[in-house]
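Peer 1: Dumping the structure here so I can ask a few things about it.
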Amino acid sequence: IMKPTHDMQEDVDWLLSVFHDNSGVIAWDDTWSVCMKAETHNSPSALDPYGGAMTGIVGVNRDILGTGLGARPIANTDVFCFGPPDWEGQLPENLFHPSRVLRGVHAGVRVGGNESGIPTVNGAIVFDDRYIGKPLVYCGTVGIMPRHLPDGRPSHVKTPVAGDIVYMVGGRVGYDGIHGATFSSLELTEESPSSAVQIGDPITQKKMIDMVLEARDANLITCITDNGAGGLSSSIGEMAEYTNGCEIDLAKVPLKQAGLSPWEILVSESQERMTIAVRPEDQGAFEALAALHEVEATAVATFTSTGMFHVRYNESTVAYLP
């Protein structure tokens, strides 16, 4: 898929961003761009059908929000594959009946979309015996973004520089979601940890989306991505590749509960969080906008050009990696 797409990109002007951001971006017309992303949330939905599916849909909503300098999610789509809902045969130990998985997944995606203000416009359900052990839960979102921001920057291009301040915006960090990325690739057993499934809060995310898009239109954002697999370690680490370095202070990260170790703060995949870079001179305006929307925004890192991923907790170094 990649090679034909890149080959096509050399011949057309409407493939704006492919295979390197949170979603692909195409030009819709001279004013607007369209982006779309779909991903699976299979293991979490098997372990906790309602919660796993909800975090699947609100997570892919954040992928759209984290595309370029911020796109607005406007529509959700989904494809669900379950075991037969009338299955009367033997089930693998500690797994839910397909009918329960169906009800939970459907409700989770419905509530996640509705409470975020994003309608589900189409979808499909497939039943097959092969999905009894693990369902297949595709969640997708479509977004739109202006071709250019008011200051003239192309909206699909991230523009951070060394010295920019990195904020964690939205929800707080907790134990939920730790090992979520590794757990999703493992066999489901009675020892599969429920804490690997993140706890969704779509209303908090709705407030964050509104605030972030207003910040985008005020030219306050230089880079943005969501906190998905790997939490801050991935979101700040990926963004730091643009400037060739960062320094993170985990002691500044707001927590849901006390007692998290530095490594847990770094990798937790707690939901409703975006990582956003802001120019130092725009910090006041950015924080004021967050306060207006009652969205928590905390400066936790700075981009550097040292070539190092430097993580500390107060003055103690936690990680120092090239």
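Chain labels follow the order of the structure tokens: the first chain is A, the next B, and so on; residue numbering restarts at 1 in every chain, and ligands are counted from 1 in their shown order.
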Give me the residues of region 224-257 of chain A that have any atom at most 9 Å from an atom of region 62-79 of chain A; for each, the nearest atom pair and the distance in Å, rounded to one decimal. Use only C-alpha atoms, sort by chain and number, and format it as a Markdown table.

Peer 2:
```
| residue | atom | partner | partner_atom | distance |
| --- | --- | --- | --- | --- |
| A:Ile224 | CA | A:Gly66 | CA | 5.3 |
| A:Thr225 | CA | A:Gly66 | CA | 4.2 |
| A:Asp226 | CA | A:Gly66 | CA | 5.6 |
| A:Asn227 | CA | A:Arg62 | CA | 8.4 |
| A:Gly228 | CA | A:Asp63 | CA | 8.7 |
```

Peer 1: Would you put the residues from that selection into a file with C-alpha atoms, as a PDB file, in the first residue's frame?

Peer 2:
```pdb
ATOM      1  CA  ILE A 224       0.225  18.237  18.717  1.00  0.00           C
ATOM      2  CA  THR A 225      -0.320  14.510  19.141  1.00  0.00           C
ATOM      3  CA  ASP A 226      -2.418  12.269  21.348  1.00  0.00           C
ATOM      4  CA  ASN A 227      -1.388  10.130  24.297  1.00  0.00           C
ATOM      5  CA  GLY A 228      -2.024   6.611  23.077  1.00  0.00           C
TER       6      GLY A 228
END
```

Peer 1: Please list as a ChimeraX atom specification every residue within 10 Å of Ala46 (chain A), counting only C-alpha atoms and excluding residues in the same chain fewer than 6 positions away.

Peer 2: /A:52-53,82,95-98,100-102,104-105,132-137,188

Peer 1: Residues of region 59-145 of chain A in helix (DSSP H, G or I) according to DSSP, as a list in words?

Peer 2: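 Taking region 59-145 of chain A and keeping helix (DSSP H, G or I) gives Gly59, Val60, Asn61, Arg62, Asp63, Ile64, Leu65, Pro98, Ser99, Arg100, Val101, Leu102, Arg103, Gly104, Val105, His106, Ala107, Gly108, Val109, Arg110, Val111, Gly112, Gly113, Asn114, Glu115, Ser116, Asp129, Arg130 and Tyr131 of chain A.
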
Peer 1: What would the file look like if the residues just selected were written as a compact mmCIF listing (two decimals), in the first residue's frame with N, CA and C atoms?

Peer 2:
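Listed below is the output, part.txt:
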```
# COMPACT_ATOMS: atom_id res chain seq x y z
N GLY A 59 -10.37 7.17 21.47
CA GLY A 59 -8.95 7.19 21.13
C GLY A 59 -8.72 7.56 19.68
N VAL A 60 -9.52 7.01 18.78
CA VAL A 60 -9.35 7.35 17.37
C VAL A 60 -9.85 8.77 17.09
N ASN A 61 -10.79 9.27 17.90
CA ASN A 61 -11.15 10.69 17.83
C ASN A 61 -9.92 11.56 18.09
N ARG A 62 -9.12 11.18 19.08
CA ARG A 62 -7.91 11.97 19.41
C ARG A 62 -6.86 11.87 18.31
N ASP A 63 -6.82 10.75 17.59
CA ASP A 63 -5.90 10.67 16.45
C ASP A 63 -6.22 11.74 15.42
N ILE A 64 -7.49 11.99 15.20
CA ILE A 64 -7.89 13.05 14.27
C ILE A 64 -7.50 14.41 14.84
N LEU A 65 -7.79 14.63 16.12
CA LEU A 65 -7.44 15.90 16.77
C LEU A 65 -5.93 16.14 16.73
N PRO A 98 -20.52 -14.20 23.37
CA PRO A 98 -20.59 -13.22 22.28
C PRO A 98 -21.72 -12.22 22.40
N SER A 99 -22.87 -12.64 22.92
CA SER A 99 -24.00 -11.71 23.03
C SER A 99 -23.68 -10.58 24.01
N ARG A 100 -22.96 -10.91 25.08
CA ARG A 100 -22.57 -9.86 26.04
C ARG A 100 -21.53 -8.94 25.43
N VAL A 101 -20.58 -9.51 24.69
CA VAL A 101 -19.57 -8.68 24.03
C VAL A 101 -20.25 -7.73 23.04
N LEU A 102 -21.21 -8.25 22.28
CA LEU A 102 -21.93 -7.42 21.30
C LEU A 102 -22.61 -6.24 21.99
N ARG A 103 -23.36 -6.51 23.04
CA ARG A 103 -24.10 -5.44 23.72
C ARG A 103 -23.14 -4.41 24.32
N GLY A 104 -22.07 -4.89 24.94
CA GLY A 104 -21.13 -3.98 25.57
C GLY A 104 -20.38 -3.12 24.58
N VAL A 105 -19.90 -3.73 23.50
CA VAL A 105 -19.16 -2.98 22.49
C VAL A 105 -20.05 -1.93 21.83
N HIS A 106 -21.25 -2.34 21.45
CA HIS A 106 -22.17 -1.39 20.80
C HIS A 106 -22.46 -0.21 21.72
N ALA A 107 -22.72 -0.49 22.99
CA ALA A 107 -23.03 0.59 23.93
C ALA A 107 -21.82 1.50 24.15
N GLY A 108 -20.63 0.91 24.25
CA GLY A 108 -19.43 1.72 24.49
C GLY A 108 -19.14 2.68 23.36
N VAL A 109 -19.24 2.20 22.13
CA VAL A 109 -19.00 3.07 20.97
C VAL A 109 -20.09 4.13 20.86
N ARG A 110 -21.34 3.73 21.12
CA ARG A 110 -22.45 4.69 21.04
C ARG A 110 -22.28 5.82 22.06
N VAL A 111 -22.01 5.45 23.30
CA VAL A 111 -21.88 6.46 24.35
C VAL A 111 -20.64 7.32 24.13
N GLY A 112 -19.54 6.69 23.75
CA GLY A 112 -18.32 7.46 23.51
C GLY A 112 -18.51 8.51 22.44
N GLY A 113 -19.19 8.15 21.35
CA GLY A 113 -19.44 9.11 20.29
C GLY A 113 -20.45 10.18 20.67
N ASN A 114 -21.57 9.75 21.27
CA ASN A 114 -22.63 10.71 21.60
C ASN A 114 -22.17 11.74 22.62
N GLU A 115 -21.47 11.30 23.67
CA GLU A 115 -21.05 12.23 24.71
C GLU A 115 -19.91 13.12 24.24
N SER A 116 -19.24 12.74 23.16
CA SER A 116 -18.22 13.60 22.56
C SER A 116 -18.81 14.52 21.50
N ASP A 129 -17.94 -17.93 13.91
CA ASP A 129 -17.43 -18.71 15.04
C ASP A 129 -16.00 -18.33 15.40
N ARG A 130 -15.22 -17.89 14.43
CA ARG A 130 -13.80 -17.62 14.67
C ARG A 130 -13.56 -16.39 15.54
N TYR A 131 -14.61 -15.61 15.80
CA TYR A 131 -14.46 -14.43 16.65
C TYR A 131 -14.91 -14.69 18.09
```

Peer 1: To one decimal place, how far is CA of Gly152 (chain A) from CA of Ala218 (chain A) in Å?

Peer 2: 11.7 Å

Peer 1: How close does region 230-275 of chain A get to region 297-312 of chain A? List, as a Markdown table, each residue of region 230-275 of chain A within 9 Å, its nearest atom pair and the distance in Å to one decimal, counting only C-alpha atoms.

Peer 2:
```
| residue | atom | partner | partner_atom | distance |
| --- | --- | --- | --- | --- |
| A:Ile236 | CA | A:Ala301 | CA | 8.2 |
| A:Gly237 | CA | A:Phe309 | CA | 6.9 |
| A:Met239 | CA | A:Phe303 | CA | 8.6 |
| A:Ala240 | CA | A:Phe303 | CA | 6.2 |
| A:Glu241 | CA | A:Gly307 | CA | 8.7 |
| A:Thr243 | CA | A:Ser305 | CA | 5.6 |
| A:Asn244 | CA | A:Gly307 | CA | 4.8 |
| A:Gly245 | CA | A:Thr304 | CA | 4.6 |
| A:Cys246 | CA | A:Phe303 | CA | 4.2 |
| A:Glu247 | CA | A:His310 | CA | 4.7 |
| A:Ile248 | CA | A:Ala301 | CA | 4.2 |
| A:Asp249 | CA | A:Arg312 | CA | 5.0 |
| A:Leu250 | CA | A:Arg312 | CA | 6.2 |
| A:Ala251 | CA | A:Arg312 | CA | 7.9 |
| A:Lys252 | CA | A:Val300 | CA | 5.6 |
| A:Val253 | CA | A:Val300 | CA | 6.2 |
| A:Pro254 | CA | A:Thr298 | CA | 7.5 |
| A:Pro262 | CA | A:Arg312 | CA | 8.3 |
| A:Leu266 | CA | A:Val311 | CA | 8.7 |
```

Peer 1: Please save C-alpha atoms of the selected residues as a PDB file, in the first residue's frame.

Peer 2:
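Written out: again34.pdb:
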```pdb
ATOM      1  CA  ILE A 236       6.685  13.563  23.625  1.00  0.00           C
ATOM      2  CA  GLY A 237       9.327  11.209  22.232  1.00  0.00           C
ATOM      3  CA  MET A 239       7.334  14.986  18.710  1.00  0.00           C
ATOM      4  CA  ALA A 240      10.910  15.493  19.931  1.00  0.00           C
ATOM      5  CA  GLU A 241      12.183  13.932  16.706  1.00  0.00           C
ATOM      6  CA  THR A 243      13.731  19.192  17.166  1.00  0.00           C
ATOM      7  CA  ASN A 244      16.164  16.372  18.032  1.00  0.00           C
ATOM      8  CA  GLY A 245      15.639  16.291  21.777  1.00  0.00           C
ATOM      9  CA  CYS A 246      13.497  16.973  24.827  1.00  0.00           C
ATOM     10  CA  GLU A 247      13.629  17.234  28.609  1.00  0.00           C
ATOM     11  CA  ILE A 248      10.662  15.967  30.640  1.00  0.00           C
ATOM     12  CA  ASP A 249       9.969  16.486  34.360  1.00  0.00           C
ATOM     13  CA  LEU A 250       7.557  13.763  35.485  1.00  0.00           C
ATOM     14  CA  ALA A 251       7.084  15.459  38.866  1.00  0.00           C
ATOM     15  CA  LYS A 252       4.965  18.093  37.100  1.00  0.00           C
ATOM     16  CA  VAL A 253       2.501  15.588  35.589  1.00  0.00           C
ATOM     17  CA  PRO A 254      -0.984  15.758  37.217  1.00  0.00           C
ATOM     18  CA  PRO A 262       8.111   7.589  37.550  1.00  0.00           C
ATOM     19  CA  LEU A 266       5.818   7.933  31.732  1.00  0.00           C
TER      20      LEU A 266
END
```

Peer 1: Do you have the CA of Asp128 (chain A)-CA of Val58 (chain A) distance handy?

Peer 2: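 Between these atoms lies a distance of 26.4 Å.
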
Peer 1: I need the residues of region 50-299 of chain A that end up classed as strand (DSSP E) by DSSP on the backbone, written out as a VMD selection string.

Peer 2: chain A and resid 72 to 82 120 to 127 136 to 146 165 to 170 223 to 226 246 to 249 273 to 278 297 to 299

Peer 1: Using only C-alpha atoms, which residue out of A:Ala38, A:Val161, A:Ile199, A:Ala124 lies closest to Met54 (chain A)?

Peer 2: A:Ile199
